[in-house]
>>> print(open('my_file.txt').read())   # compact mmCIF, C-alpha atoms and all ligand atoms
# COMPACT_ATOMS: atom_id res chain seq x y z
CA MET A 1165 91.94 131.09 109.61
CA GLY A 1166 89.86 132.65 106.87
CA ARG A 1167 87.37 131.39 104.38
CA LEU A 1168 87.37 127.76 103.34
CA ALA A 1169 88.94 127.03 99.95
CA ILE A 1170 85.72 125.30 98.85
CA ASN A 1171 84.03 128.70 99.29
CA GLY A 1172 86.72 130.63 97.40
CA GLY A 1173 89.25 131.12 100.24
CA ASP A 1174 92.98 130.31 100.04
CA LYS A 1175 93.97 126.65 99.92
CA THR A 1176 95.82 125.41 103.01
CA CYS A 1177 98.45 123.59 100.94
CA ASN A 1178 99.60 122.76 97.44
CA ILE A 1179 101.52 119.59 98.07
CA ALA A 1180 102.33 117.04 95.36
CA TRP A 1181 101.49 114.02 97.53
CA PRO A 1182 103.55 110.84 96.96
CA THR A 1183 102.09 108.53 94.34
CA TRP A 1184 101.79 104.76 94.57
CA PRO A 1185 103.28 102.30 93.78
CA VAL A 1186 106.84 103.31 94.61
CA TRP A 1187 109.32 101.44 92.44
CA ASP A 1188 112.87 101.77 91.14
CA ASP A 1189 115.68 99.72 89.64
CA HIS A 1190 115.03 96.87 92.10
CA GLU A 1191 111.70 96.15 90.42
CA ARG A 1192 113.11 96.81 86.93
CA GLN A 1193 116.09 94.46 87.44
CA GLY A 1194 113.96 91.80 89.08
CA LEU A 1195 111.42 91.78 86.26
CA LEU A 1196 114.13 91.75 83.59
CA ALA A 1197 115.93 88.89 85.29
CA VAL A 1198 112.73 86.81 85.26
CA LEU A 1199 112.03 87.72 81.64
CA GLU A 1200 115.48 86.77 80.47
CA SER A 1201 115.66 83.58 82.51
CA GLY A 1202 112.67 82.11 80.70
CA GLN A 1203 111.56 80.74 84.13
CA TRP A 1204 108.30 82.64 84.42
CA TRP A 1205 106.26 80.04 86.28
CA TYR A 1206 105.79 79.56 90.08
CA GLY A 1207 109.36 78.78 91.06
CA GLU A 1208 112.31 79.82 93.17
CA ARG A 1209 111.40 83.52 93.46
CA VAL A 1210 107.92 82.70 94.71
CA ARG A 1211 109.49 80.43 97.35
CA GLU A 1212 112.07 83.07 98.24
CA PHE A 1213 109.36 85.67 98.74
CA GLU A 1214 107.17 83.31 100.77
CA GLU A 1215 110.04 82.60 103.13
CA ALA A 1216 111.14 86.23 103.36
CA PHE A 1217 107.66 87.61 104.00
CA ALA A 1218 106.84 84.90 106.55
CA ALA A 1219 110.10 85.72 108.37
CA PHE A 1220 109.31 89.46 108.22
CA GLN A 1221 106.00 88.80 110.02
CA ASN A 1222 107.60 86.18 112.35
CA ALA A 1223 105.69 83.20 110.91
CA LEU A 1224 107.20 79.82 110.07
CA TYR A 1225 105.37 79.19 106.80
CA GLY A 1226 104.03 81.29 103.93
CA VAL A 1227 101.87 80.13 101.01
CA THR A 1228 101.11 82.66 98.27
CA ALA A 1229 97.81 82.94 96.43
CA THR A 1230 96.41 85.12 93.66
CA SER A 1231 94.80 87.65 96.05
CA GLY A 1232 93.88 88.35 99.64
CA THR A 1233 90.39 87.11 98.78
CA THR A 1234 91.53 83.74 97.48
CA ALA A 1235 94.02 83.48 100.36
CA LEU A 1236 91.11 83.86 102.82
CA GLU A 1237 89.06 81.26 100.92
CA THR A 1238 92.03 78.90 100.92
CA ALA A 1239 92.64 79.32 104.66
CA LEU A 1240 88.98 78.60 105.48
CA THR A 1241 88.91 75.58 103.16
CA ALA A 1242 92.14 74.20 104.60
CA LEU A 1243 90.70 74.62 108.12
CA GLY A 1244 87.80 72.43 107.07
CA ILE A 1245 85.19 75.19 107.40
CA GLY A 1246 82.14 74.58 105.23
CA PRO A 1247 78.36 74.27 104.98
CA GLY A 1248 76.51 74.93 108.23
CA ASP A 1249 79.53 76.37 110.06
CA GLU A 1250 79.44 79.90 111.44
CA VAL A 1251 82.33 82.33 111.26
CA ILE A 1252 82.37 85.57 113.25
CA VAL A 1253 83.46 88.65 111.29
CA PRO A 1254 83.36 92.42 111.82
CA PRO A 1255 81.13 94.51 109.51
CA TYR A 1256 83.61 97.40 109.09
CA THR A 1257 85.79 95.75 106.46
CA PHE A 1258 86.17 94.93 102.78
CA VAL A 1259 83.64 92.46 101.40
CA ALA A 1260 86.18 89.63 101.08
CA THR A 1261 86.34 89.09 104.87
CA ALA A 1262 82.74 87.85 104.76
CA SER A 1263 82.33 86.76 101.13
CA ALA A 1264 85.15 84.22 101.62
CA VAL A 1265 82.99 82.69 104.37
CA LEU A 1266 79.99 82.52 102.01
CA ARG A 1267 82.11 81.06 99.24
CA VAL A 1268 83.10 78.06 101.35
CA GLY A 1269 79.39 77.55 102.12
CA ALA A 1270 79.61 78.81 105.72
CA ILE A 1271 77.67 81.60 107.44
CA PRO A 1272 79.21 84.96 108.34
CA ILE A 1273 77.98 86.19 111.72
CA PHE A 1274 78.61 89.88 112.29
CA ALA A 1275 79.95 91.15 115.62
CA ASP A 1276 80.44 94.85 116.28
CA ILE A 1277 83.66 96.85 116.29
CA GLN A 1278 85.14 99.04 119.03
CA ALA A 1279 84.69 102.79 118.58
CA HIS A 1280 88.25 103.60 119.67
CA THR A 1281 90.06 100.99 117.53
CA LEU A 1282 87.63 100.28 114.62
CA CYS A 1283 88.54 96.59 115.05
CA LEU A 1284 86.41 93.64 116.15
CA ASP A 1285 85.03 93.97 119.69
CA PRO A 1286 86.11 90.75 121.48
CA ASP A 1287 83.17 90.96 123.91
CA ASP A 1288 80.62 91.13 121.12
CA ALA A 1289 82.45 88.38 119.24
CA ALA A 1290 82.22 86.17 122.37
CA ARG A 1291 78.47 86.91 122.64
CA LYS A 1292 77.95 85.71 119.05
CA ILE A 1293 79.50 82.26 119.59
CA THR A 1294 77.12 79.31 119.16
CA SER A 1295 77.59 75.56 118.92
CA HIS A 1296 78.03 76.08 115.12
CA THR A 1297 80.87 78.61 115.40
CA LYS A 1298 84.13 77.36 113.89
CA ALA A 1299 86.25 80.48 113.50
CA ILE A 1300 86.69 84.18 114.17
CA ILE A 1301 88.19 86.52 111.58
CA PRO A 1302 89.42 89.72 113.20
CA VAL A 1303 90.49 92.43 110.73
CA HIS A 1304 93.54 94.52 111.63
CA LEU A 1305 91.85 97.55 110.17
CA ALA A 1306 94.08 100.27 108.75
CA GLY A 1307 97.08 98.49 110.30
CA TYR A 1308 95.80 98.76 113.88
CA VAL A 1309 95.93 95.34 115.59
CA ALA A 1310 92.70 93.87 116.98
CA ASP A 1311 92.94 92.85 120.66
CA MET A 1312 94.76 89.58 120.02
CA ASP A 1313 95.18 88.75 123.74
CA ARG A 1314 91.42 88.61 124.28
CA LEU A 1315 90.68 87.04 120.89
CA CYS A 1316 93.26 84.27 121.41
CA GLU A 1317 91.78 83.58 124.86
CA ILE A 1318 88.24 83.38 123.45
CA ALA A 1319 89.32 81.22 120.50
CA GLN A 1320 91.18 78.83 122.79
CA ALA A 1321 88.34 78.58 125.29
CA HIS A 1322 85.87 77.64 122.54
CA GLN A 1323 88.34 75.72 120.34
CA LEU A 1324 87.86 78.06 117.41
CA ALA A 1325 90.26 78.87 114.60
CA LEU A 1326 91.48 82.47 114.62
CA VAL A 1327 92.10 83.66 111.07
CA GLU A 1328 93.68 87.12 111.04
CA ASP A 1329 92.58 89.27 108.11
CA ALA A 1330 95.87 91.12 107.95
CA CYS A 1331 95.16 92.63 104.52
CA HIS A 1332 95.89 96.14 105.96
CA SER A 1333 98.68 95.28 108.37
CA TRP A 1334 102.01 94.41 106.73
CA GLY A 1335 104.65 95.20 109.33
CA SER A 1336 102.24 95.53 112.26
CA GLN A 1337 103.27 93.76 115.47
CA TRP A 1338 101.43 92.80 118.63
CA LYS A 1339 103.79 92.59 121.62
CA GLY A 1340 106.69 92.14 119.19
CA LYS A 1341 105.08 89.44 117.03
CA GLY A 1342 103.97 90.14 113.48
CA THR A 1343 100.31 90.07 112.54
CA GLY A 1344 99.30 86.96 110.66
CA ALA A 1345 101.57 84.90 112.94
CA ILE A 1346 99.54 85.31 116.14
CA GLY A 1347 96.31 83.41 115.45
CA THR A 1348 95.90 80.03 113.74
CA CYS A 1349 96.85 81.70 110.48
CA GLY A 1350 96.77 85.12 108.83
CA VAL A 1351 96.09 86.44 105.38
CA PHE A 1352 97.61 89.41 103.49
CA SER A 1353 96.81 91.15 100.21
CA PHE A 1354 99.27 92.54 97.68
CA GLN A 1355 96.65 94.23 95.50
CA ALA A 1356 97.62 97.47 93.75
CA SER A 1357 96.64 99.90 96.53
CA LYS A 1358 98.38 97.91 99.26
CA ASN A 1359 101.59 98.91 101.11
CA ILE A 1360 103.53 96.17 99.28
CA THR A 1361 102.15 95.22 95.91
CA SER A 1362 102.45 93.10 92.78
CA ALA A 1363 99.18 94.52 91.36
CA GLU A 1364 97.37 91.40 92.60
CA GLY A 1365 98.48 88.71 95.02
CA GLY A 1366 98.07 87.38 98.54
CA ILE A 1367 99.64 85.10 101.13
CA ILE A 1368 98.61 82.86 104.02
CA LEU A 1369 100.98 82.72 107.00
CA THR A 1370 100.93 80.11 109.74
CA ASP A 1371 103.17 78.30 112.20
CA ILE A 1372 101.31 75.01 111.60
CA GLU A 1373 103.09 72.90 108.99
CA GLN A 1374 100.10 70.71 108.14
CA LEU A 1375 97.90 73.78 107.59
CA ALA A 1376 100.56 75.31 105.34
CA ASP A 1377 100.76 72.06 103.35
CA ASP A 1378 96.97 71.96 102.98
CA CYS A 1379 96.90 75.60 101.83
CA ARG A 1380 99.67 74.83 99.33
CA SER A 1381 97.66 71.89 98.04
CA TYR A 1382 94.45 73.96 97.60
CA THR A 1383 96.34 76.71 95.78
CA ASN A 1384 98.11 74.23 93.53
CA VAL A 1385 95.25 72.19 92.03
CA GLY A 1386 95.20 69.63 94.83
CA ARG A 1387 98.80 68.47 94.41
CA ARG A 1388 100.65 67.33 97.51
CA LYS A 1389 104.28 67.24 98.66
CA GLY A 1390 105.81 64.04 97.34
CA GLY A 1391 102.81 63.27 95.10
CA ALA A 1392 103.15 62.71 91.37
CA TRP A 1393 102.47 65.61 88.97
CA TYR A 1394 99.07 64.30 87.88
CA GLN A 1395 98.03 63.11 91.33
CA HIS A 1396 95.41 65.41 92.85
CA PHE A 1397 94.24 64.93 96.40
CA ASN A 1398 91.45 67.49 96.59
CA ALA A 1399 89.46 69.79 94.31
CA GLY A 1400 91.92 72.64 94.80
CA SER A 1401 92.21 75.55 92.43
CA ASN A 1402 94.98 77.24 90.52
CA LEU A 1403 95.88 80.20 92.72
CA ARG A 1404 99.58 80.36 91.94
CA LEU A 1405 101.63 83.54 91.62
CA THR A 1406 104.06 84.04 88.76
CA GLU A 1407 107.79 84.69 89.06
CA PHE A 1408 107.15 88.22 87.76
CA GLN A 1409 104.91 88.95 90.73
CA ALA A 1410 107.43 87.44 93.11
CA ALA A 1411 110.19 89.62 91.62
CA LEU A 1412 108.05 92.70 92.24
CA LEU A 1413 107.19 91.58 95.77
CA LEU A 1414 110.84 90.88 96.68
CA ALA A 1415 111.76 94.38 95.54
CA GLN A 1416 108.81 95.92 97.39
CA LEU A 1417 109.63 93.94 100.54
CA SER A 1418 113.14 95.40 100.55
CA ARG A 1419 111.72 98.84 101.38
CA LEU A 1420 108.71 97.80 103.48
CA GLU A 1421 110.43 98.27 106.82
CA ALA A 1422 111.73 101.77 106.02
CA HIS A 1423 108.31 102.76 104.62
CA THR A 1424 106.54 101.34 107.67
CA LEU A 1425 108.76 103.30 110.07
CA LYS A 1426 108.27 106.49 108.07
CA ARG A 1427 104.47 106.10 108.02
CA GLN A 1428 104.49 105.34 111.72
CA ALA A 1429 106.55 108.44 112.56
CA ASN A 1430 104.35 110.68 110.40
CA ALA A 1431 101.18 109.13 111.86
CA ALA A 1432 102.47 109.96 115.35
CA LEU A 1433 102.77 113.61 114.28
CA LEU A 1434 99.21 113.54 112.93
CA MET A 1435 97.90 111.95 116.10
CA GLU A 1436 99.59 114.62 118.21
CA GLY A 1437 98.35 117.44 115.98
CA LEU A 1438 94.75 116.21 115.78
CA ARG A 1439 94.43 115.43 119.49
CA ASP A 1440 92.97 118.77 120.59
CA ILE A 1441 90.97 119.81 117.53
CA PRO A 1442 87.33 120.25 118.51
CA GLY A 1443 85.30 118.21 116.04
CA VAL A 1444 87.84 115.37 115.82
CA ILE A 1445 87.28 112.28 117.99
CA PRO A 1446 90.73 110.93 118.88
CA LEU A 1447 91.38 107.23 118.27
CA GLU A 1448 93.47 105.35 120.79
CA ASN A 1449 96.89 103.81 120.50
CA ASP A 1450 97.42 100.49 122.27
CA PRO A 1451 100.93 100.07 123.74
CA ARG A 1452 100.69 96.35 122.93
CA ILE A 1453 100.88 97.34 119.24
CA THR A 1454 104.65 97.51 119.13
CA ARG A 1455 104.75 98.44 115.45
CA ARG A 1456 101.92 99.73 113.33
CA GLY A 1457 101.96 99.35 109.57
CA TYR A 1458 99.51 102.06 108.57
CA HIS A 1459 97.48 101.26 105.46
CA LEU A 1460 95.09 104.09 106.28
CA TYR A 1461 94.91 106.84 108.82
CA PRO A 1462 91.25 106.92 109.95
CA VAL A 1463 89.82 110.11 111.43
CA ARG A 1464 86.52 110.16 113.34
CA LEU A 1465 84.46 113.36 113.35
CA ASN A 1466 81.99 114.68 115.87
CA LEU A 1467 79.36 115.51 113.26
CA ASP A 1468 76.84 116.77 115.82
CA ALA A 1469 79.30 119.42 116.91
CA LEU A 1470 80.33 120.25 113.33
CA GLY A 1471 76.78 120.30 111.97
CA ILE A 1472 77.79 118.90 108.56
CA THR A 1473 78.07 115.49 106.91
CA ARG A 1474 81.31 113.54 106.63
CA GLU A 1475 80.96 113.78 102.80
CA ARG A 1476 80.85 117.58 102.96
CA PHE A 1477 83.87 117.53 105.27
CA VAL A 1478 85.85 115.37 102.84
CA GLU A 1479 84.98 117.69 99.93
CA ALA A 1480 86.10 120.73 101.89
CA LEU A 1481 89.31 118.98 102.94
CA ALA A 1482 90.08 118.07 99.32
CA ALA A 1483 89.61 121.73 98.37
CA GLU A 1484 92.18 122.61 101.06
CA GLY A 1485 94.65 120.32 99.24
CA VAL A 1486 94.30 117.14 101.33
CA PRO A 1487 92.73 114.17 99.52
CA ALA A 1488 90.71 111.78 101.69
CA SER A 1489 88.13 109.02 101.31
CA PRO A 1490 84.84 108.50 103.16
CA GLY A 1491 85.87 104.84 103.46
CA TYR A 1492 83.21 102.21 104.11
CA THR A 1493 79.91 104.10 104.09
CA ILE A 1494 77.67 101.17 105.09
CA PRO A 1495 78.22 98.17 107.35
CA LEU A 1496 78.98 95.12 105.24
CA TYR A 1497 75.68 93.44 106.21
CA ARG A 1498 73.77 96.27 104.49
CA ASN A 1499 75.13 95.19 101.10
CA SER A 1500 72.53 93.62 98.84
CA LEU A 1501 74.65 90.45 98.81
CA PHE A 1502 73.57 89.78 102.40
CA GLU A 1503 70.01 90.96 101.98
CA ARG A 1504 69.72 88.54 99.08
CA ALA A 1505 71.15 85.72 101.17
CA SER A 1506 68.25 86.31 103.59
CA THR A 1507 65.45 86.73 101.03
CA ASP A 1508 66.47 84.32 98.27
CA PRO A 1509 67.46 80.92 99.73
CA SER A 1510 68.98 79.81 96.42
CA SER A 1511 71.62 82.54 96.74
CA HIS A 1512 72.98 80.89 99.89
CA PRO A 1513 71.57 77.39 100.34
CA TYR A 1514 73.16 76.74 103.74
CA LEU A 1515 71.85 79.85 105.51
CA GLY A 1516 68.41 78.40 106.29
CA ASP A 1517 66.74 80.46 109.01
CA ARG A 1518 70.00 80.83 110.95
CA VAL A 1519 70.35 84.57 110.34
CA ASP A 1520 68.30 87.31 108.71
CA TYR A 1521 70.85 89.95 107.75
CA ARG A 1522 68.10 92.58 107.46
CA GLN A 1523 67.72 92.33 111.25
CA VAL A 1524 71.44 92.62 112.06
CA HIS A 1525 72.52 95.80 113.87
CA CYS A 1526 76.00 96.67 115.00
CA PRO A 1527 75.48 100.19 116.37
CA VAL A 1528 79.14 101.18 116.70
CA CYS A 1529 79.87 100.18 113.12
CA GLU A 1530 76.76 102.00 111.90
CA GLN A 1531 77.97 105.19 113.62
CA VAL A 1532 81.55 104.83 112.34
CA CYS A 1533 80.25 104.33 108.78
CA THR A 1534 78.76 107.85 108.93
CA ASP A 1535 81.46 109.79 110.80
CA THR A 1536 84.85 108.42 109.76
CA PHE A 1537 87.10 109.30 106.84
CA TRP A 1538 90.45 107.88 105.77
CA LEU A 1539 93.75 109.41 104.78
CA PHE A 1540 95.67 107.02 102.53
CA HIS A 1541 99.03 105.52 103.42
CA THR A 1542 100.71 107.44 100.59
CA LEU A 1543 100.19 110.72 102.47
CA LEU A 1544 102.14 109.23 105.35
CA LEU A 1545 105.14 108.87 103.02
CA ALA A 1546 105.30 112.66 102.59
CA GLU A 1547 107.61 114.95 104.60
CA GLU A 1548 107.20 115.74 108.29
CA ARG A 1549 106.22 119.34 107.52
CA ASP A 1550 103.43 118.04 105.28
CA MET A 1551 101.82 116.42 108.33
CA GLN A 1552 101.49 119.92 109.79
CA ALA A 1553 99.67 120.93 106.60
CA ILE A 1554 97.23 118.02 107.00
CA VAL A 1555 96.58 119.02 110.60
CA ALA A 1556 96.13 122.67 109.60
CA ALA A 1557 93.66 121.74 106.85
CA ILE A 1558 91.59 119.53 109.17
CA ARG A 1559 91.64 122.22 111.86
CA LYS A 1560 90.55 124.85 109.32
CA VAL A 1561 87.58 122.78 108.11
CA CYS A 1562 86.56 122.01 111.70
CA GLU A 1563 86.82 125.61 112.85
CA ASN A 1564 84.93 126.93 109.83
CA ALA A 1565 82.36 124.15 109.51
CA ALA A 1566 79.60 126.74 109.97
CA GLU A 1567 80.40 127.94 106.42
CA LEU A 1568 79.33 124.50 105.16
CA ARG A 1569 76.09 124.13 107.01
CA PRO A 1570 72.98 124.34 104.87
CA ALA A 1571 71.41 127.84 105.04
C1 LIG A 1601 90.39 93.96 104.93
C2 LIG A 1601 90.58 93.29 103.59
N1 LIG A 1601 90.45 91.97 103.50
C3 LIG A 1601 90.61 91.32 102.33
C4 LIG A 1601 90.90 92.01 101.17
C5 LIG A 1601 91.00 91.25 99.88
O1 LIG A 1601 92.24 91.40 99.24
P1 LIG A 1601 92.34 91.32 97.65
O2 LIG A 1601 91.87 92.62 97.09
O3 LIG A 1601 93.81 91.12 97.42
O4 LIG A 1601 91.54 90.19 97.20
C6 LIG A 1601 91.04 93.40 101.21
C7 LIG A 1601 91.33 94.16 99.99
O5 LIG A 1601 91.15 95.35 99.91
C8 LIG A 1601 90.86 94.06 102.45
O6 LIG A 1601 90.95 95.40 102.53
>>> encode(input="my_file.txt", output="structure tokens", more="lines below")
Ligand SMILES: Cc1ncc(COP(=O)(O)O)c(C=O)c1O
Amino acid sequence: MGRLAINGGDKTCNIAWPTWPVWDDHERQGLLAVLESGQWWYGERVREFEEAFAAFQNALYGVTATSGTTALETALTALGIGPGDEVIVPPYTFVATASAVLRVGAIPIFADIQAHTLCLDPDDAARKITSHTKAIIPVHLAGYVADMDRLCEIAQAHQLALVEDACHSWGSQWKGKGTGAIGTCGVFSFQASKNITSAEGGIILTDIEQLADDCRSYTNVGRRKGGAWYQHFNAGSNLRLTEFQAALLLAQLSRLEAHTLKRQANAALLMEGLRDIPGVIPLENDPRITRRGYHLYPVRLNLDALGITRERFVEALAAEGVPASPGYTIPLYRNSLFERASTDPSSHPYLGDRVDYRQVHCPVCEQVCTDTFWLFHTLLLAEERDMQAIVAAIRKVCENAAELRPA
């Protein structure tokens, strides 16, 4: 294989990887049409997108919001979750999964993830249930789908809400049903890096009409269906999208299915190619995930065998021509936000002595935070032959890891 590129050897590949966002005349025409109509405010295009996206994920109702974060906060508020309540979340996720819980005054309780899926471990989630638990938020990390059979069973048995954080899983399906439409409700993000984007934006999906109406009310300053313009029924916020965002999202949605299928096919090639590389720990595929909308392609490394850090691996891989990210490098509960909640009562008045985040340990997540890196979804939009280049670069770094070990 030869010397690693980071040490002066030849690069494995020189590929101009696809950039993001992808856009064309659909977006241009949609934006121009909104501009010229003079109807820029929360109107028919927002409704059209809400209906189309809900249908795409097999949900009955969709309510947009300004981001995935505010969509999560809205869902929790509409479910009546507040001070004193506990909500079970995984620690291998973006901060919003847990900060949304804090922002409604409730208490995030961390349960570990599974090493082979990187999603919430249903058994650990079940162990963390107390008489204060009101909801579980599984994250469909990277577009994988958390074990929704077990999680639905657990939620039903304990009468808990199941709020899917589907902010990585547009297009993913569990036994033929779209994510976000399986639990009580689900939440998606349309932020700039996401597989369908309007720079910022989010949506809540549900099959429960009353919940959808309550979410609508909270995102629209407390107004209600049939109420007068200046009648406000709760202290909701203004979390409305604009028609410009909806025009972008409708255009993006028109190619989501084709993009999803392409990413899925390329990911299958990667999975096949990486399966037998010593140094790579294969992740599993679950046949119940009938479609997988990859936001990321996570790769776990056997660092003991390689004798180097994940950071060094990622640097060497970049030098071979394959960009990657170390991803989440610490479990969420190790962020100072949570330490502060435990040491400074004023930062989270409802926590009391319920949980000391400095004592929380989720060993699987802690391991994954050191040994996993991510390939971005844009790489999965490249050509089939480019997947062979990714595999070759990863194999080369694994086989020559000795070159990277400290002397
Ligand atoms: C798992 C997860 N949940 C929630 C969010 C929040 O979405 P937004 O950035 O749109 O607020 C993100 C965003 O990256 C995310 O990755």
>>> residues_around(input="my_file.txt", residues="Pro1255 (chain A)", least_positions_apart="5", cutoff="12 Å", atoms="all atoms listed in the file", output="JSON, numbers by chain")
{"A": [1260, 1261, 1262, 1263, 1272, 1273, 1274, 1275, 1276, 1277, 1278, 1282, 1283, 1284, 1285, 1289, 1301, 1302, 1303, 1305, 1492, 1493, 1494, 1495, 1496, 1497, 1498, 1499, 1502, 1521, 1524, 1525, 1526, 1527, 1528, 1529, 1530, 1531, 1532, 1533]}
>>> write_last_selection(input="my_file.txt", atoms="C-alpha atoms", output="compact mmCIF listing (two decimals), keeping the file's coordinate frame")
# COMPACT_ATOMS: atom_id res chain seq x y z
CA ALA A 1260 86.18 89.63 101.08
CA THR A 1261 86.34 89.09 104.87
CA ALA A 1262 82.74 87.85 104.76
CA SER A 1263 82.33 86.76 101.13
CA PRO A 1272 79.21 84.96 108.34
CA ILE A 1273 77.98 86.19 111.72
CA PHE A 1274 78.61 89.88 112.29
CA ALA A 1275 79.95 91.15 115.62
CA ASP A 1276 80.44 94.85 116.28
CA ILE A 1277 83.66 96.85 116.29
CA GLN A 1278 85.14 99.04 119.03
CA LEU A 1282 87.63 100.28 114.62
CA CYS A 1283 88.54 96.59 115.05
CA LEU A 1284 86.41 93.64 116.15
CA ASP A 1285 85.03 93.97 119.69
CA ALA A 1289 82.45 88.38 119.24
CA ILE A 1301 88.19 86.52 111.58
CA PRO A 1302 89.42 89.72 113.20
CA VAL A 1303 90.49 92.43 110.73
CA LEU A 1305 91.85 97.55 110.17
CA TYR A 1492 83.21 102.21 104.11
CA THR A 1493 79.91 104.10 104.09
CA ILE A 1494 77.67 101.17 105.09
CA PRO A 1495 78.22 98.17 107.35
CA LEU A 1496 78.98 95.12 105.24
CA TYR A 1497 75.68 93.44 106.21
CA ARG A 1498 73.77 96.27 104.49
CA ASN A 1499 75.13 95.19 101.10
CA PHE A 1502 73.57 89.78 102.40
CA TYR A 1521 70.85 89.95 107.75
CA VAL A 1524 71.44 92.62 112.06
CA HIS A 1525 72.52 95.80 113.87
CA CYS A 1526 76.00 96.67 115.00
CA PRO A 1527 75.48 100.19 116.37
CA VAL A 1528 79.14 101.18 116.70
CA CYS A 1529 79.87 100.18 113.12
CA GLU A 1530 76.76 102.00 111.90
CA GLN A 1531 77.97 105.19 113.62
CA VAL A 1532 81.55 104.83 112.34
CA CYS A 1533 80.25 104.33 108.78
>>> residues_around(input="my_file.txt", residues="His1459 (chain A)", least_positions_apart="6", cutoff="10 Å", atoms="only C-alpha atoms", output="list in words")
His1304, Leu1305, Ala1306, Gly1307, Tyr1308, Cys1331, His1332, Ser1333, Trp1334, Ser1357, Lys1358, Asn1359, Thr1424, Arg1427, Trp1538, Leu1539, Phe1540, His1541, Thr1542 and Leu1544 of chain A
>>> write_last_selection(input="my_file.txt", atoms="C-alpha atoms", output="compact mmCIF listing (two decimals), in the frame of the given file")
# COMPACT_ATOMS: atom_id res chain seq x y z
CA HIS A 1304 93.54 94.52 111.63
CA LEU A 1305 91.85 97.55 110.17
CA ALA A 1306 94.08 100.27 108.75
CA GLY A 1307 97.08 98.49 110.30
CA TYR A 1308 95.80 98.76 113.88
CA CYS A 1331 95.16 92.63 104.52
CA HIS A 1332 95.89 96.14 105.96
CA SER A 1333 98.68 95.28 108.37
CA TRP A 1334 102.01 94.41 106.73
CA SER A 1357 96.64 99.90 96.53
CA LYS A 1358 98.38 97.91 99.26
CA ASN A 1359 101.59 98.91 101.11
CA THR A 1424 106.54 101.34 107.67
CA ARG A 1427 104.47 106.10 108.02
CA TRP A 1538 90.45 107.88 105.77
CA LEU A 1539 93.75 109.41 104.78
CA PHE A 1540 95.67 107.02 102.53
CA HIS A 1541 99.03 105.52 103.42
CA THR A 1542 100.71 107.44 100.59
CA LEU A 1544 102.14 109.23 105.35
>>> atom_distance(input="my_file.txt", atom1="CA of Asn1430 (chain A)", atom2="CA of Gln1221 (chain A)")
21.9 Å
>>> residues_near_ligand(input="my_file.txt", ligand="ligand LIG 1601 (chain A)", cutoff="7 Å", atoms="all atoms listed in the file", output="mmCIF file with C-alpha atoms, keeping the file's coordinate frame")
data_model
loop_
_atom_site.group_PDB
_atom_site.id
_atom_site.type_symbol
_atom_site.label_atom_id
_atom_site.label_comp_id
_atom_site.auth_asym_id
_atom_site.auth_seq_id
_atom_site.Cartn_x
_atom_site.Cartn_y
_atom_site.Cartn_z
ATOM 1 C CA SER A 1231 94.800 87.650 96.050
ATOM 2 C CA GLY A 1232 93.880 88.350 99.640
ATOM 3 C CA THR A 1233 90.390 87.110 98.780
ATOM 4 C CA THR A 1234 91.530 83.740 97.480
ATOM 5 C CA THR A 1257 85.790 95.750 106.460
ATOM 6 C CA PHE A 1258 86.170 94.930 102.780
ATOM 7 C CA ALA A 1260 86.180 89.630 101.080
ATOM 8 C CA THR A 1261 86.340 89.090 104.870
ATOM 9 C CA VAL A 1303 90.490 92.430 110.730
ATOM 10 C CA LEU A 1305 91.850 97.550 110.170
ATOM 11 C CA ASP A 1329 92.580 89.270 108.110
ATOM 12 C CA ALA A 1330 95.870 91.120 107.950
ATOM 13 C CA CYS A 1331 95.160 92.630 104.520
ATOM 14 C CA HIS A 1332 95.890 96.140 105.960
ATOM 15 C CA SER A 1353 96.810 91.150 100.210
ATOM 16 C CA PHE A 1354 99.270 92.540 97.680
ATOM 17 C CA GLN A 1355 96.650 94.230 95.500
ATOM 18 C CA GLU A 1364 97.370 91.400 92.600
ATOM 19 C CA GLY A 1365 98.480 88.710 95.020
ATOM 20 C CA GLY A 1366 98.070 87.380 98.540
#
>>> residues_around(input="my_file.txt", residues="Asp1313 (chain A)", least_positions_apart="6", cutoff="12 Å", atoms="all atoms listed in the file", output="ChimeraX atom specification")
/A:1286,1319-1320,1326,1338-1339,1341,1346-1347,1452-1453
>>> atom_distance(input="my_file.txt", atom1="CA of Gly1344 (chain A)", atom2="CA of His1396 (chain A)")
28.2 Å
>>> residues_around(input="my_file.txt", residues="Pro1487 (chain A)", least_positions_apart="3", cutoff="8 Å", atoms="all atoms listed in the file", output="PyMOL selection string")
chain A and resi 1478+1481-1482+1539
>>> write_last_selection(input="my_file.txt", atoms="C-alpha atoms", output="PDB file, keeping the file's coordinate frame")
ATOM      1  CA  VAL A1478      85.850 115.370 102.840  1.00  0.00           C
ATOM      2  CA  LEU A1481      89.310 118.980 102.940  1.00  0.00           C
ATOM      3  CA  ALA A1482      90.080 118.070  99.320  1.00  0.00           C
ATOM      4  CA  LEU A1539      93.750 109.410 104.780  1.00  0.00           C
TER       5      LEU A1539
END
